[in-house]
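Structure file query_20.txt; described as compact mmCIF, C-alpha atoms.
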```txt
# COMPACT_ATOMS: atom_id res chain seq x y z
CA MET J 1 -12.17 26.50 -19.38
CA TRP J 2 -8.38 26.88 -19.51
CA ILE J 3 -8.17 26.72 -15.74
CA ARG J 4 -10.08 23.43 -15.77
CA ILE J 5 -7.68 21.93 -18.32
CA VAL J 6 -4.66 23.14 -16.34
CA TRP J 7 -6.03 21.61 -13.12
CA THR J 8 -6.67 18.27 -14.84
CA ILE J 9 -3.23 18.15 -16.45
CA LEU J 10 -1.59 19.16 -13.15
CA PHE J 11 -3.38 16.29 -11.44
CA LEU J 12 -2.41 13.78 -14.13
CA ILE J 13 1.27 14.79 -14.08
CA LEU J 14 1.92 15.87 -10.48
CA GLY J 15 -0.60 13.47 -8.84
CA PRO J 16 1.76 10.48 -8.65
CA PHE J 17 4.67 12.65 -7.45
CA ALA J 18 2.59 14.20 -4.69
CA GLY J 19 1.07 10.82 -3.78
CA GLY J 20 4.47 9.11 -3.67
CA LEU J 21 6.00 11.89 -1.61
CA LEU J 22 3.04 11.75 0.81
CA ALA J 23 3.59 7.98 1.15
CA GLY J 24 7.29 8.60 1.81
CA ILE J 25 6.56 11.24 4.45
CA ASP J 26 4.02 8.84 5.95
CA ARG J 27 6.69 6.12 6.32
CA LYS J 28 9.20 8.58 7.77
CA ILE J 29 6.75 9.98 10.34
CA THR J 30 5.54 6.47 11.22
CA ALA J 31 9.17 5.43 11.83
CA ARG J 32 9.79 8.50 13.99
CA LEU J 33 6.63 7.84 16.01
CA GLN J 34 7.96 4.33 16.67
CA GLY J 35 11.41 5.63 17.65
CA ARG J 36 13.09 4.42 14.42
CA ARG J 37 15.17 6.22 11.81
CA GLY J 38 12.98 5.11 8.93
CA PRO J 39 13.67 4.98 5.18
CA SER J 40 14.28 7.97 2.93
CA VAL J 41 11.20 9.98 1.91
CA TRP J 42 11.93 8.88 -1.68
CA GLN J 43 11.57 5.20 -0.70
CA PRO J 44 8.11 4.72 -2.33
CA PHE J 45 9.60 5.83 -5.68
CA TYR J 46 12.48 3.34 -5.32
CA ASP J 47 9.90 0.64 -4.52
CA LEU J 48 7.79 1.55 -7.54
CA LEU J 49 10.72 1.57 -9.98
CA LYS J 50 11.95 -1.73 -8.60
CA LEU J 51 8.51 -3.30 -9.04
CA PHE J 52 8.42 -2.15 -12.67
CA ARG J 53 11.76 -3.90 -13.26
CA LYS J 54 10.77 -7.19 -11.62
CA GLN J 55 9.63 -10.26 -13.53
CA ALA J 56 5.89 -10.22 -14.23
CA VAL J 57 4.32 -13.41 -12.88
CA ILE J 58 0.94 -13.63 -14.57
CA VAL J 59 -1.66 -15.63 -12.66
CA ASN J 60 -4.37 -15.49 -15.33
CA SER J 61 -5.18 -13.37 -18.35
CA ILE J 62 -8.14 -11.52 -16.83
CA GLN J 63 -6.39 -10.23 -13.70
CA ASP J 64 -4.06 -7.81 -15.47
CA PHE J 65 -6.97 -6.47 -17.51
CA LEU J 66 -9.01 -5.82 -14.35
CA ILE J 67 -6.09 -4.08 -12.62
CA CYS J 68 -5.68 -1.84 -15.67
CA GLY J 69 -9.42 -1.06 -15.36
CA PHE J 70 -8.89 -0.17 -11.70
CA PHE J 71 -6.00 2.12 -12.59
CA ILE J 72 -7.82 3.85 -15.46
CA PHE J 73 -10.98 4.50 -13.43
CA ILE J 74 -9.04 5.84 -10.43
CA VAL J 75 -7.22 8.26 -12.75
CA PHE J 76 -10.56 9.13 -14.39
CA THR J 77 -12.11 9.78 -10.96
CA GLY J 78 -9.35 12.19 -9.97
CA ALA J 79 -9.21 13.87 -13.37
CA LEU J 80 -12.97 14.45 -13.36
CA PHE J 81 -12.80 15.87 -9.85
CA PHE J 82 -10.01 18.32 -10.67
CA TRP J 83 -11.76 19.20 -13.95
CA GLY J 84 -14.61 20.42 -11.74
CA GLY J 85 -17.12 17.80 -12.89
CA ASP J 86 -20.16 16.28 -11.24
CA LEU J 87 -19.39 15.05 -7.73
CA LEU J 88 -21.86 12.15 -7.99
CA LEU J 89 -20.23 10.89 -11.18
CA VAL J 90 -16.82 11.22 -9.48
CA PHE J 91 -17.91 9.05 -6.55
CA PHE J 92 -19.63 6.47 -8.78
CA SER J 93 -16.51 6.07 -10.88
CA LEU J 94 -14.49 5.68 -7.67
CA THR J 95 -16.79 2.81 -6.68
CA LEU J 96 -16.47 1.26 -10.14
CA ALA J 97 -12.68 1.35 -9.79
CA GLY J 98 -13.00 -0.39 -6.42
CA ILE J 99 -15.15 -3.10 -8.01
CA PHE J 100 -12.50 -3.70 -10.69
CA PHE J 101 -9.92 -4.11 -7.92
CA MET J 102 -12.06 -6.61 -5.98
CA MET J 103 -12.85 -8.60 -9.14
CA SER J 104 -9.16 -8.88 -9.95
CA ALA J 105 -8.54 -10.33 -6.48
CA CYS J 106 -11.46 -12.76 -6.90
CA SER J 107 -10.22 -13.91 -10.31
CA ALA J 108 -7.06 -15.41 -8.78
CA ASN J 109 -7.36 -18.91 -7.43
CA SER J 110 -6.03 -18.03 -3.98
CA PRO J 111 -7.93 -18.16 -0.68
CA PHE J 112 -5.94 -15.19 0.72
CA SER J 113 -6.72 -13.04 -2.28
CA ALA J 114 -10.42 -14.01 -2.16
CA MET J 115 -10.56 -13.27 1.58
CA GLY J 116 -8.96 -9.89 0.93
CA ALA J 117 -11.62 -9.16 -1.70
CA GLN J 118 -14.41 -10.09 0.73
CA ARG J 119 -12.97 -7.79 3.38
CA GLU J 120 -12.62 -5.04 0.78
CA LEU J 121 -16.34 -5.48 0.03
CA MET J 122 -17.08 -5.00 3.74
CA GLN J 123 -14.97 -1.83 3.72
CA THR J 124 -16.85 -0.53 0.67
CA MET J 125 -20.13 -1.23 2.46
CA ALA J 126 -18.86 0.68 5.51
CA TYR J 127 -17.67 3.84 3.74
CA GLU J 128 -20.03 4.14 0.75
CA PRO J 129 -23.04 5.71 2.62
CA MET J 130 -20.83 8.46 4.02
CA VAL J 131 -19.31 9.20 0.60
CA LEU J 132 -22.79 9.61 -0.89
CA LEU J 133 -23.95 11.74 2.06
CA ALA J 134 -20.95 14.03 1.52
CA ALA J 135 -22.06 14.58 -2.10
CA ILE J 136 -25.64 15.25 -0.94
CA GLY J 137 -24.35 17.64 1.73
CA PHE J 138 -22.45 19.68 -0.86
CA TYR J 139 -25.61 19.78 -3.00
CA VAL J 140 -27.78 20.98 -0.10
CA CYS J 141 -25.35 23.82 0.63
CA ASN J 142 -24.67 24.98 -2.92
CA GLY J 143 -27.57 23.70 -5.01
CA SER J 144 -25.13 22.04 -7.37
CA PHE J 145 -23.17 18.81 -7.63
CA ALA J 146 -20.49 20.44 -9.82
CA VAL J 147 -17.11 20.69 -8.08
CA SER J 148 -16.40 23.95 -9.92
CA ASP J 149 -19.55 25.55 -8.42
CA ILE J 150 -18.87 24.20 -4.92
CA ALA J 151 -15.33 25.64 -5.00
CA GLN J 152 -16.81 29.09 -5.81
CA ALA J 153 -19.25 29.25 -2.87
CA HIS J 154 -19.40 32.36 -0.64
CA LEU J 155 -18.54 30.47 2.53
CA PRO J 156 -16.52 27.26 3.00
CA ALA J 157 -18.84 24.23 3.02
CA VAL J 158 -17.39 23.04 6.33
CA LEU J 159 -19.25 25.83 8.15
CA TYR J 160 -22.55 24.20 7.15
CA LEU J 161 -21.27 20.62 7.19
CA PRO J 162 -19.01 20.09 10.22
CA GLY J 163 -20.68 16.73 10.95
CA VAL J 164 -20.32 15.56 7.35
CA PHE J 165 -16.66 16.59 7.44
CA LEU J 166 -16.05 14.56 10.62
CA GLY J 167 -17.86 11.59 9.11
CA PHE J 168 -15.76 11.86 5.95
CA LEU J 169 -12.61 12.05 8.08
CA TYR J 170 -13.71 8.84 9.79
CA ILE J 171 -14.14 6.88 6.55
CA LEU J 172 -10.93 8.42 5.19
CA THR J 173 -9.08 5.99 7.49
CA ILE J 174 -10.73 3.14 5.58
CA LYS J 175 -9.97 4.71 2.19
CA PHE J 176 -6.33 5.38 3.08
CA ARG J 177 -6.07 1.72 4.22
CA LYS J 178 -4.89 2.80 7.65
CA SER J 179 -5.08 0.92 10.93
CA PRO J 180 -7.61 0.27 12.64
CA PHE J 181 -9.41 -0.33 9.32
CA ASP J 182 -6.63 -1.83 7.16
CA ILE J 183 -8.31 -5.22 7.18
CA SER J 184 -8.32 -6.06 3.45
CA THR J 185 -4.59 -5.50 3.01
CA SER J 186 -1.89 -3.93 5.12
CA HIS J 187 1.39 -2.11 4.76
CA HIS J 188 2.31 -3.22 8.26
CA ALA J 189 3.77 -6.62 9.05
CA HIS J 190 0.39 -8.30 9.74
CA GLN J 191 0.54 -11.57 7.85
CA GLU J 192 -2.56 -13.48 8.93
CA MET J 193 -3.81 -13.54 5.33
CA VAL J 194 -0.49 -12.86 3.59
CA LYS J 195 -1.18 -9.55 1.76
CA GLY J 196 -4.94 -9.86 1.38
CA ILE J 197 -6.28 -8.32 -1.78
CA THR J 198 -2.83 -7.80 -3.37
CA THR J 199 -1.48 -11.29 -2.56
CA GLU J 200 -1.53 -12.57 -6.14
CA LEU J 201 -0.17 -9.39 -7.72
CA SER J 202 3.52 -9.05 -8.45
CA GLY J 203 6.05 -6.93 -10.32
CA PRO J 204 4.71 -4.31 -12.77
CA ILE J 205 1.04 -5.03 -11.99
CA LEU J 206 1.62 -4.42 -8.27
CA ALA J 207 3.41 -1.21 -9.26
CA LEU J 208 0.29 -0.13 -11.17
CA VAL J 209 -1.82 -0.73 -8.03
CA GLU J 210 0.61 1.39 -5.97
CA LEU J 211 0.43 4.17 -8.55
CA ALA J 212 -3.38 4.03 -8.50
CA HIS J 213 -3.33 4.33 -4.70
CA TRP J 214 -1.18 7.46 -4.96
CA TYR J 215 -3.63 9.03 -7.41
CA GLU J 216 -6.50 7.99 -5.14
CA ASN J 217 -4.88 9.55 -2.04
CA VAL J 218 -4.35 12.86 -3.83
CA PHE J 219 -7.98 12.81 -4.99
CA LEU J 220 -9.23 12.09 -1.44
CA LEU J 221 -7.20 14.99 -0.06
CA GLY J 222 -8.81 17.03 -2.84
CA VAL J 223 -12.24 16.17 -1.38
CA ILE J 224 -10.98 17.28 2.04
CA ALA J 225 -9.86 20.55 0.45
CA LEU J 226 -13.31 20.97 -1.13
CA PHE J 227 -14.79 21.33 2.37
CA PHE J 228 -12.64 24.44 2.93
CA VAL J 229 -12.36 26.29 -0.38
CA ALA J 230 -14.63 29.21 -1.21
CA SER J 231 -14.47 32.26 -3.47
CA SER J 232 -11.94 34.21 -1.38
CA TRP J 233 -8.21 33.46 -1.92
CA TRP J 234 -7.24 32.76 1.69
CA THR J 235 -9.57 29.74 1.85
CA TRP J 236 -7.17 27.97 -0.54
CA ILE J 237 -4.34 28.34 1.97
CA LEU J 238 -6.68 27.09 4.68
CA ALA J 239 -7.58 24.09 2.49
CA VAL J 240 -3.92 23.12 1.93
CA VAL J 241 -3.16 23.46 5.66
CA MET J 242 -6.21 21.34 6.55
CA CYS J 243 -5.18 18.64 4.03
CA ILE J 244 -1.77 18.40 5.74
CA VAL J 245 -3.37 18.38 9.21
CA CYS J 246 -5.85 15.64 8.20
CA TYR J 247 -3.08 13.54 6.64
CA PHE J 248 -0.98 13.80 9.79
CA PHE J 249 -4.04 12.97 11.87
CA GLU J 250 -4.57 9.78 9.85
CA ILE J 251 -0.91 8.79 10.39
CA LEU J 252 -1.34 9.37 14.12
CA ILE J 253 -4.51 7.22 14.21
CA ASP J 254 -2.67 4.56 12.16
CA ASN J 255 0.06 4.37 14.78
CA THR J 256 -2.07 4.52 17.92
CA PHE J 257 -4.88 2.05 17.17
CA ALA J 258 -4.77 -1.71 16.73
CA ARG J 259 -6.86 -3.01 13.83
CA VAL J 260 -10.45 -4.03 14.61
CA LYS J 261 -12.74 -6.79 13.32
CA TRP J 262 -14.96 -5.93 10.36
CA GLN J 263 -18.09 -5.96 12.55
CA GLU J 264 -16.67 -3.11 14.64
CA MET J 265 -15.69 -1.21 11.52
CA LEU J 266 -19.14 -1.52 9.97
CA LYS J 267 -20.96 -0.63 13.21
CA THR J 268 -18.88 2.44 14.02
CA ALA J 269 -18.67 3.70 10.43
CA TRP J 270 -22.45 3.51 9.97
CA SER J 271 -23.10 5.05 13.41
CA VAL J 272 -20.84 7.99 12.61
CA THR J 273 -22.47 8.31 9.18
CA LEU J 274 -25.94 8.38 10.70
CA VAL J 275 -25.22 10.60 13.71
CA ALA J 276 -22.70 13.06 12.28
CA GLY J 277 -23.60 12.96 8.57
CA ALA J 278 -27.35 12.49 8.28
CA VAL J 279 -28.28 14.65 11.29
CA ASN J 280 -26.03 17.45 10.02
CA ILE J 281 -27.68 17.39 6.60
CA MET J 282 -31.18 17.38 8.12
CA ILE J 283 -30.32 20.45 10.23
CA VAL J 284 -28.88 22.25 7.21
CA ILE J 285 -32.05 21.48 5.19
CA LEU J 286 -34.18 22.93 8.02
CA ILE J 287 -32.05 26.08 8.37
CA LEU J 288 -31.41 26.95 4.70
CA MET S 1 17.56 3.80 -13.35
CA PRO S 2 17.80 3.41 -9.58
CA LYS S 3 19.15 0.14 -8.37
CA MET S 4 17.14 -2.85 -7.20
CA ALA S 5 19.30 -2.61 -4.09
CA LYS S 6 17.35 0.44 -2.93
CA SER S 7 14.15 -1.47 -2.28
CA PRO S 8 14.70 -5.09 -1.24
CA TRP S 9 11.63 -6.78 0.19
CA LEU S 10 12.27 -9.68 2.45
CA LEU S 11 10.46 -12.98 3.09
CA HIS S 12 11.39 -14.80 6.29
CA TYR S 13 10.80 -18.57 6.41
CA ASP S 14 11.36 -20.62 9.55
CA GLY S 15 12.58 -24.12 8.57
CA SER S 16 13.21 -26.47 11.48
CA SER S 17 14.76 -23.69 13.53
CA CYS S 18 14.82 -23.63 17.34
CA ASN S 19 13.42 -20.03 17.04
CA GLY S 20 16.69 -18.53 18.32
CA CYS S 21 17.62 -17.11 14.90
CA ASP S 22 14.00 -16.09 14.23
CA ILE S 23 13.98 -13.88 17.29
CA GLU S 24 17.21 -12.28 16.08
CA VAL S 25 15.69 -11.74 12.61
CA LEU S 26 12.69 -9.98 14.15
CA ALA S 27 15.09 -7.99 16.37
CA CYS S 28 16.43 -6.45 13.13
CA LEU S 29 13.00 -4.78 12.64
CA THR S 30 12.97 -3.15 16.09
CA PRO S 31 14.00 0.47 16.73
CA VAL S 32 17.45 -0.64 17.92
CA TYR S 33 18.50 -2.03 14.51
CA ASP S 34 15.71 -0.66 12.25
CA ILE S 35 16.35 -2.59 9.05
CA GLU S 36 13.64 -0.50 7.31
CA ARG S 37 16.08 2.42 7.04
CA PHE S 38 17.62 0.50 4.12
CA GLY S 39 14.17 0.27 2.51
CA ILE S 40 13.81 -3.36 3.58
CA ILE S 41 10.25 -4.53 4.27
CA ASN S 42 9.32 -7.85 5.84
CA THR S 43 6.54 -8.82 3.40
CA GLY S 44 5.45 -12.37 4.18
CA ASN S 45 4.34 -12.79 0.56
CA PRO S 46 6.65 -14.68 -1.84
CA LYS S 47 5.17 -12.84 -4.84
CA HIS S 48 6.31 -9.48 -3.43
CA ALA S 49 9.67 -10.67 -2.10
CA ASP S 50 13.19 -10.22 -3.48
CA ILE S 51 15.12 -11.92 -0.69
CA LEU S 52 14.27 -15.32 0.79
CA LEU S 53 15.69 -15.52 4.29
CA ILE S 54 15.63 -19.00 5.80
CA THR S 55 16.46 -20.00 9.36
CA GLY S 56 16.88 -23.59 10.51
CA GLY S 57 17.71 -26.80 8.66
CA ILE S 58 15.65 -28.53 5.99
CA ASN S 59 13.66 -31.67 6.75
CA GLU S 60 11.42 -33.90 4.64
CA GLN S 61 8.31 -31.95 5.62
CA ASN S 62 9.45 -28.43 4.82
CA LYS S 63 11.45 -29.33 1.70
CA PRO S 64 8.45 -29.00 -0.70
CA VAL S 65 7.34 -25.82 1.12
CA VAL S 66 10.71 -24.14 0.67
CA GLU S 67 10.88 -25.21 -2.97
CA GLN S 68 7.39 -23.85 -3.64
CA ILE S 69 8.06 -20.52 -1.94
CA TYR S 70 11.24 -20.11 -3.97
CA SER S 71 9.47 -20.94 -7.24
CA GLN S 72 6.74 -18.35 -6.50
CA MET S 73 9.21 -15.46 -6.13
CA PRO S 74 9.61 -13.31 -9.27
CA LYS S 75 13.15 -12.88 -10.63
CA PRO S 76 15.68 -11.55 -9.70
CA LYS S 77 15.81 -13.23 -6.27
CA VAL S 78 18.44 -14.21 -3.72
CA VAL S 79 18.50 -16.73 -0.86
CA VAL S 80 20.09 -15.99 2.51
CA ALA S 81 20.69 -18.85 4.96
CA VAL S 82 20.72 -17.46 8.52
CA GLY S 83 22.25 -19.45 11.38
CA ILE S 84 24.51 -22.48 11.32
CA CYS S 85 21.52 -24.86 11.02
CA ALA S 86 20.45 -23.21 7.75
CA CYS S 87 24.07 -23.22 6.55
CA ASN S 88 24.80 -26.93 7.02
CA GLY S 89 22.37 -28.47 9.51
CA GLY S 90 24.30 -27.37 12.60
CA ILE S 91 23.66 -29.23 15.81
CA PHE S 92 20.78 -31.17 14.19
CA LYS S 93 22.91 -32.37 11.27
CA GLU S 94 23.03 -36.02 12.42
CA CYS S 95 19.28 -36.21 13.16
CA TYR S 96 17.39 -38.84 11.14
CA ASN S 97 14.86 -36.31 9.83
CA ILE S 98 17.24 -33.50 8.82
CA LEU S 99 18.45 -33.37 5.22
CA GLY S 100 21.03 -30.69 5.98
CA GLY S 101 21.39 -27.00 5.21
CA VAL S 102 19.22 -24.96 2.83
CA ASP S 103 21.72 -25.54 0.01
CA LYS S 104 20.49 -29.16 -0.22
CA VAL S 105 17.34 -27.87 -1.96
CA LEU S 106 17.93 -24.24 -3.04
CA PRO S 107 20.88 -22.29 -4.50
CA VAL S 108 21.98 -20.31 -1.44
CA ASP S 109 23.72 -17.00 -2.22
CA ILE S 110 24.73 -15.78 1.23
CA TYR S 111 25.56 -17.81 4.35
CA VAL S 112 25.24 -16.11 7.75
CA PRO S 113 26.67 -18.48 10.39
CA GLY S 114 26.16 -18.19 14.14
CA CYS S 115 24.12 -19.81 16.89
CA ALA S 116 22.09 -17.73 17.11
CA ALA S 117 23.23 -15.35 14.32
CA ARG S 118 23.63 -11.82 15.71
CA PRO S 119 21.33 -9.12 14.28
CA GLU S 120 24.43 -7.24 13.06
CA ALA S 121 25.55 -10.34 11.13
CA ILE S 122 22.04 -10.86 9.68
CA MET S 123 21.88 -7.25 8.47
CA ASP S 124 25.35 -7.57 6.98
CA GLY S 125 24.28 -10.72 5.15
CA VAL S 126 21.06 -9.15 3.87
CA LEU S 127 22.93 -6.09 2.58
CA LYS S 128 25.42 -8.36 0.77
CA ALA S 129 22.44 -10.18 -0.76
CA VAL S 130 21.01 -6.84 -1.88
CA GLU S 131 24.14 -6.14 -3.95
CA LEU S 132 23.69 -9.52 -5.61
CA LEU S 133 20.17 -8.54 -6.70
CA ASP S 134 21.56 -5.86 -9.02
CA LYS S 135 24.23 -8.20 -10.34
CA LYS S 136 21.62 -10.85 -11.13
CA GLN S 137 19.35 -8.31 -12.82
CA ASN S 138 22.21 -7.04 -15.00
CA GLU S 139 23.22 -10.58 -15.94
CA ALA S 140 19.62 -11.46 -16.86
CA MET S 141 19.34 -8.34 -19.02
CA ALA S 142 22.68 -9.03 -20.73
CA LYS S 143 21.59 -12.61 -21.44
CA GLU S 144 18.29 -11.39 -22.88
CA ARG S 145 20.14 -8.93 -25.10
CA ARG S 146 22.47 -11.67 -26.35
CA GLU S 147 19.53 -13.93 -27.11
CA ASN S 148 17.70 -11.17 -28.97
CA HIS S 149 20.89 -10.46 -30.92
CA ALA S 150 21.33 -14.13 -31.80
CA GLY S 151 17.66 -14.58 -32.62
```
I need this file expressed as structure tokens, please.
Amino acid sequence: MWIRIVWTILFLILGPFAGGLLAGIDRKITARLQGRRGPSVWQPFYDLLKLFRKQAVIVNSIQDFLICGFFIFIVFTGALFFWGGDLLLVFFSLTLAGIFFMMSACSANSPFSAMGAQRELMQTMAYEPMVLLAAIGFYVCNGSFAVSDIAQAHLPAVLYLPGVFLGFLYILTIKFRKSPFDISTSHHAHQEMVKGITTELSGPILALVELAHWYENVFLLGVIALFFVASSWWTWILAVVMCIVCYFFEILIDNTFARVKWQEMLKTAWSVTLVAGAVNIMIVILIL
Amino acid sequence: MPKMAKSPWLLHYDGSSCNGCDIEVLACLTPVYDIERFGIINTGNPKHADILLITGGINEQNKPVVEQIYSQMPKPKVVVAVGICACNGGIFKECYNILGGVDKVLPVDIYVPGCAARPEAIMDGVLKAVELLDKKQNEAMAKERRENHAG
């Protein structure tokens, strides 16, 4: 019980620091891959503190409320995960947070913001089946949806679920908002729809969205770690190493692929889900 | 508190420029000059921007656009006029459609002359503008404090 509380509090306090630092390292590595010097690794924190100090331009009364909902449910998702709660509930609350985010973009009277929300819906449609399959895969292996039970398994789940892991890695690019799937918004200089889903957000509210993304990224790396942890202590080291490797892999993909149209994203994401995810789970059901 | 100057986000608007200065502005983002090492991001969204960077003179058609972009930026904000056309109209000054430099419609903080302005000069101008951001923020806070005190 105490360990669960410690994990949750660690996530709530250290989550944003780890997320911000990861974002800073991401920008540094991206710059190096492009042959630039790049900003300091602390740059995301400077950005966040600046945004909190900027003037708040309020578009309508409902938007700020919806963004707060997005933030609260992302934090709830991560906290529940690190508490060791039910994986299905974790993923449903992640989806709910995403819906809050899309509704906030729709509430603003801007075509760019609305277009960003529509593209975000497409992204949700592309990654959601794989997220649910991952939860089902963990259940098939361990007979439980509880994260605390899955983390105490005899063998790392990835040994049974290599296909599900690859599928999850594929949709992780969408969740991290990385190229080629950063179609709803972008941290690169693409400006064909201004800033997509975050166009109408400014100042402190945009800072809240950034903070939520940092929490979300730490939670997603937590799911990656869940594929590798088991009862023996060395699997935890393996999990941390694999989180770093996967994060670097996503940065590499981000820098080597041009963004694709949503049709391509949907087609490939669902194909990978079906081939790698569903087939893997069927084989595991037959074997176990 | 860290300074505003550590994270200035930039919005580039092309007035009636010949594109010479615009190419130099984009050159600042390339590995040779790498303006991002100062934390500067080219956002393209007025609601995220701190610095409005304008190239080219102002004409009747882009006057309302420039005014609207400026009004959409949250405070504190600064305006940088890049190139001689943005400073005072330059070679197009006598044209029937040109109103003049950016300062005909907006309060310009930093002027970067040149035809075309060199990337070094643009970066110098942007970094001078960045210092102004902090000054403006401090002034706004002091004013707010005075008003609260009076009220």
task: Kindly provide, as a PyMOL selection string, the residues of chain S having any atom no farther than 10 Å from an atom of chain J, counting all atoms listed in the file.
output: chain S and resi 1-9+29-50+72-77+137
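Distance-wise, atom CA of J:Ala79 and atom CA of J:Thr8 end up 5.3 Å apart.
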field: Residues near S:Cys95, cut-off 12 Å, all atoms listed in the file, skip fewer than 6 positions along chain, as a VMD selection string
entry: chain S and resid 16 57 to 60 85 89
Can you pull out every residue within 8 Å of stretch 120-125 of chain J, counting all atoms listed in the file, but drop anything in the same chain fewer than 5 positions away, and send it as a PDB file with C-alpha atoms, in the frame of the given file?
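Dumped everything to result-v5.pdb:
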```pdb
ATOM      1  CA  MET J 102     -12.060  -6.610  -5.980  1.00  0.00           C
ATOM      2  CA  ILE J 174     -10.730   3.140   5.580  1.00  0.00           C
ATOM      3  CA  ILE J 183      -8.310  -5.220   7.180  1.00  0.00           C
ATOM      4  CA  SER J 184      -8.320  -6.060   3.450  1.00  0.00           C
ATOM      5  CA  ILE J 197      -6.280  -8.320  -1.780  1.00  0.00           C
ATOM      6  CA  TRP J 262     -14.960  -5.930  10.360  1.00  0.00           C
ATOM      7  CA  MET J 265     -15.690  -1.210  11.520  1.00  0.00           C
ATOM      8  CA  LEU J 266     -19.140  -1.520   9.970  1.00  0.00           C
TER       9      LEU J 266
END
```
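Atom pair atom CA of J:Met242 / atom CA of J:Gly167 has a distance of 15.4 Å (rounded to one decimal).
Coordinates place atom CA of J:Thr30 at a distance of 28.3 Å from atom CA of S:Ala117.
Closest approach to S:Gly114 from the set S:Ile84, S:Val25, S:Ser71, S:Ile51 is made by S:Ile84, with distances taken over all atoms listed in the file.
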- line: Of J:Gly116, J:Gly24, J:Gly277, J:Pro204, the one sitting nearest J:Ala135 when using all atoms listed in the file is J:Gly277
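Look at J:Asn109: the protein and nucleic acid residues within 9 Å of it, using only C-alpha atoms and passing over chain neighbours fewer than 4 places away, are Val59, Ala105, Ser113, Ala114 and Glu200 of chain J.
Nearest residue to S:Pro113 among S:Ala140, S:Leu11, S:Ala86, S:Cys18 is S:Ala86, counting only C-alpha atoms.
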- prompt: Any idea what's packed within 9 Å of stretch 243-256 of chain J, counting all atoms listed in the file, ignoring anything in its chain fewer than 5 positions away? Could you give it as a VMD selection string?
  reply: chain J and resid 22 26 29 to 30 33 to 34 169 172 to 173 176 178 to 181 221 to 222 224 to 225 238
Okay, now the selection with C-alpha atoms, as a CSV table (one decimal), keeping the file's coordinate frame?
```csv
chain,number,residue,atom,x,y,z
J,22,LEU,CA,3.0,11.8,0.8
J,26,ASP,CA,4.0,8.8,6.0
J,29,ILE,CA,6.8,10.0,10.3
J,30,THR,CA,5.5,6.5,11.2
J,33,LEU,CA,6.6,7.8,16.0
J,34,GLN,CA,8.0,4.3,16.7
J,169,LEU,CA,-12.6,12.0,8.1
J,172,LEU,CA,-10.9,8.4,5.2
J,173,THR,CA,-9.1,6.0,7.5
J,176,PHE,CA,-6.3,5.4,3.1
J,178,LYS,CA,-4.9,2.8,7.6
J,179,SER,CA,-5.1,0.9,10.9
J,180,PRO,CA,-7.6,0.3,12.6
J,181,PHE,CA,-9.4,-0.3,9.3
J,221,LEU,CA,-7.2,15.0,-0.1
J,222,GLY,CA,-8.8,17.0,-2.8
J,224,ILE,CA,-11.0,17.3,2.0
J,225,ALA,CA,-9.9,20.6,0.4
J,238,LEU,CA,-6.7,27.1,4.7
```
